[in-house]
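Trainee: My questions will all concern the structure given below.
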Amino acid sequence: MTPGGAGVAQRHDQSTGGPAGLLGIGYEPGRAPGARAAVVDGPYGGNDGMYGPDDTAYGPVTAARTGDDGADPGTPDLGAELASHTAEEVLADYLHQQSADFLRSLRLHRESGSDAEGAGEAARQLRRAARRISATLHTFRPLTEEDWADQLRSELGWLSGTLAREQACAARRERLMTALQRLTGRGPERGDRGDRTGRGERGKRADRTTAGPTTSSTAAAASSPSASSSTSPSDPDPDGALSAGAARAGALLDRQLTLARTRAHSAALQALGSSRFHAVADSVAVLASEAPLAGATAGLPADEALPPLAEQAHRRLAEAVAALPLSRAGYPYNAAALAADQRQDAPWHQVRMLVRLSRYAREVIAPETSDLRLAEAGRALEWHRDAAEAAAAAAAAARTPRIAPATAYALGVLHADQRHEVEAARFAFGRVWLPRTPDRKG
């Protein structure tokens, strides 16, 4: 492996200190408890392995309910199923299984050839296994050979983050194009054709009687995010400003995100052919037959050694959730998420990481049960992350030099729409995590 070059990969399109800044190995000032992340990337465009086939049908729901103040009293007793096993047996069995899945997915990726769909599915399964190995080595770190485990964990983070970027760009493009279609009432294909021929915007400008009297009302609507997002998808744009700019906005986003996807694809191919990746694959192959466990782990009863570490991961999650403004997020249309500020998004992204760590820890010690609340909370936070990154992409496109005012207007409406999605995701997370919606006052 490459010494010192491990570390957790940073998203290529974000600056350190925002969501990407949370993905490093060390603790950062001002972050939520448990900020030492184990896995960097997340599923884009749906389930993508975080909620895989094993999660499609929930088992018995064993999640502890929260109190009225949102505090979590802790996880249920998960040690009963471990009484007849040692910690070494349970950890080794889980790591062997995930390592075998990793190697199987790698073989399928190599055999996929020109089958882009097959290669994409194999890459998703590869990342799924890598995330679980990395999270297990993180949560149960005191029971492993820490130096070896830390090196492998950081290298898996690099690999998983590299493979995630291409799919992230594709999912973000699809999300933004769908939002434009919803906001304007027409498909992106029509908008692209209008933009290429140049007739779309000129045709709108030619209709003087429609565009003239309503220019001031359009500007007022653009300045109000709630007004822009409340427009019915079936209602035509009253003055044509949004429709006129949507075609060029869609073309601009398509160019930028397609270019980013192409670069991410090239980076993934380069990574899969590098000596660094082959070193990671060799380490996982060793892990498939011999887990890097500390010598003292061999004789420890599983029901005594594993549940406390899983409960510690859950405790960090509960503490991070307690720091979120759930009381305000529990009110619909609270407008708290409309400001595009990475600092306000960062704690929510961190909770998403901790939800994943808690879920994977439960998979190790209680593989036959599922926690419905953790699964639903994870979905809400994935929705939150996707909307926040889509809003950032729209804002970045709006900063492109020398774009038409109508294009900037459409991108601004799109940005506000995605920030409303961020607010809705926070509301959904609060309804899942808290026992009830906070009472309204006044």
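Just remember, in the structure tokens the first chain shown is A, the second B, etc., residues are 1-based per chain, and ligands are 1-based in the order shown.
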For Glu89 of chain A, find every residue with an atom within 10 Å (counting only C-alpha atoms), except residues of its own chain fewer than 3 positions away, and show them as a list in words.
Mentor: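 Listed by chain and then number, they are Leu82, His85, Thr86, Ala92, Asp93, Tyr94, Ala291, Thr297, Ala298, Gly299, Leu300, Pro301 and Ala302 of chain A.
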Trainee: Print the selection's residues with C-alpha atoms to a file, as a PDB file, in the first residue's frame.
Mentor:
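Generated output (selection-v6.pdb):
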```pdb
ATOM      1  CA  LEU A  82     -23.692 -13.772  20.699  1.00  0.00           C
ATOM      2  CA  HIS A  85     -19.484 -17.301  20.128  1.00  0.00           C
ATOM      3  CA  THR A  86     -16.203 -15.514  20.661  1.00  0.00           C
ATOM      4  CA  ALA A  92     -13.794 -12.819  11.359  1.00  0.00           C
ATOM      5  CA  ASP A  93     -16.939 -14.339   9.870  1.00  0.00           C
ATOM      6  CA  TYR A  94     -18.359 -10.926   8.943  1.00  0.00           C
ATOM      7  CA  ALA A 291      -8.786 -11.191   9.796  1.00  0.00           C
ATOM      8  CA  THR A 297      -9.524 -10.879  20.947  1.00  0.00           C
ATOM      9  CA  ALA A 298      -9.335 -14.634  20.467  1.00  0.00           C
ATOM     10  CA  GLY A 299     -10.691 -15.661  23.851  1.00  0.00           C
ATOM     11  CA  LEU A 300     -13.118 -12.798  24.506  1.00  0.00           C
ATOM     12  CA  PRO A 301     -16.825 -13.732  24.600  1.00  0.00           C
ATOM     13  CA  ALA A 302     -18.632 -11.984  21.788  1.00  0.00           C
TER      14      ALA A 302
END
```
Trainee: Would you pick out the contacts of Arg263 of chain A at 12 Å or less, using only C-alpha atoms, so that residues sharing its chain but fewer than 5 positions from it are not included, and give the list as a compact mmCIF listing (two decimals) with N, CA, C and O atoms, in the first residue's frame?
Mentor:
```
# COMPACT_ATOMS: atom_id res chain seq x y z
N HIS A 12 -14.22 15.82 -5.22
CA HIS A 12 -13.48 16.70 -6.12
C HIS A 12 -14.17 18.04 -6.33
O HIS A 12 -13.53 19.00 -6.72
N ASP A 13 -15.49 18.09 -6.08
CA ASP A 13 -16.21 19.31 -6.40
C ASP A 13 -16.60 20.09 -5.16
O ASP A 13 -17.48 20.93 -5.21
N THR A 162 -13.29 7.30 -4.95
CA THR A 162 -12.96 7.44 -6.37
C THR A 162 -14.03 6.83 -7.26
O THR A 162 -14.43 7.42 -8.27
N LEU A 163 -14.52 5.65 -6.88
CA LEU A 163 -15.54 4.98 -7.68
C LEU A 163 -16.89 5.67 -7.59
O LEU A 163 -17.73 5.51 -8.48
N ARG A 165 -17.58 8.92 -7.60
CA ARG A 165 -17.71 10.24 -8.23
C ARG A 165 -18.48 10.19 -9.55
O ARG A 165 -19.30 11.06 -9.83
N GLU A 166 -18.22 9.17 -10.36
CA GLU A 166 -18.91 9.10 -11.65
C GLU A 166 -20.41 8.97 -11.47
O GLU A 166 -21.20 9.68 -12.10
N GLN A 167 -20.82 8.07 -10.59
CA GLN A 167 -22.24 7.90 -10.37
C GLN A 167 -22.85 9.13 -9.73
O GLN A 167 -24.00 9.49 -9.99
N CYS A 169 -22.03 12.27 -10.29
CA CYS A 169 -22.26 13.26 -11.35
C CYS A 169 -23.48 12.89 -12.19
O CYS A 169 -24.30 13.75 -12.54
N ALA A 170 -23.62 11.61 -12.51
CA ALA A 170 -24.77 11.17 -13.32
C ALA A 170 -26.07 11.38 -12.57
O ALA A 170 -27.06 11.87 -13.13
N GLN A 256 -21.48 20.91 -17.95
CA GLN A 256 -20.60 20.88 -16.79
C GLN A 256 -20.59 19.50 -16.12
O GLN A 256 -19.53 18.97 -15.78
N LEU A 257 -21.77 18.93 -15.92
CA LEU A 257 -21.84 17.66 -15.20
C LEU A 257 -21.39 16.49 -16.08
O LEU A 257 -20.84 15.50 -15.57
N THR A 258 -21.61 16.58 -17.38
CA THR A 258 -21.11 15.53 -18.27
C THR A 258 -19.58 15.55 -18.30
O THR A 258 -18.94 14.49 -18.29
N ALA A 268 -11.52 6.86 -12.32
CA ALA A 268 -11.83 5.53 -11.80
C ALA A 268 -11.06 4.45 -12.56
O ALA A 268 -10.52 3.51 -11.96
N LEU A 269 -11.02 4.57 -13.89
CA LEU A 269 -10.27 3.59 -14.68
C LEU A 269 -8.79 3.63 -14.33
O LEU A 269 -8.13 2.58 -14.24
N GLN A 270 -8.26 4.83 -14.15
CA GLN A 270 -6.85 4.96 -13.78
C GLN A 270 -6.59 4.35 -12.40
O GLN A 270 -5.58 3.68 -12.19
```
Trainee: Using only C-alpha atoms, pick whichever of A:Ala171, A:Val284, A:Ala294, A:Ala241 has the shortest atom-to-atom distance to Trp383 of chain A.
Mentor: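 Under the stated criterion, the closest residue is A:Ala171.
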Trainee: Among segment 263-408 of chain A, which residues carry a DSSP assignment of alpha helix (DSSP H), reported as an MDAnalysis selection string?
Mentor: chainID A and resid 263:272 275:287 302:322 326:329 342:365 372:398 405:408
Trainee: So, with only C-alpha atoms as the atoms that count, which of A:Leu372, A:Leu326, A:Leu253, A:Ala149 lies closest to Ala398 of chain A?
Mentor: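 Answer, going by the shortest atom-to-atom distance: A:Leu253.
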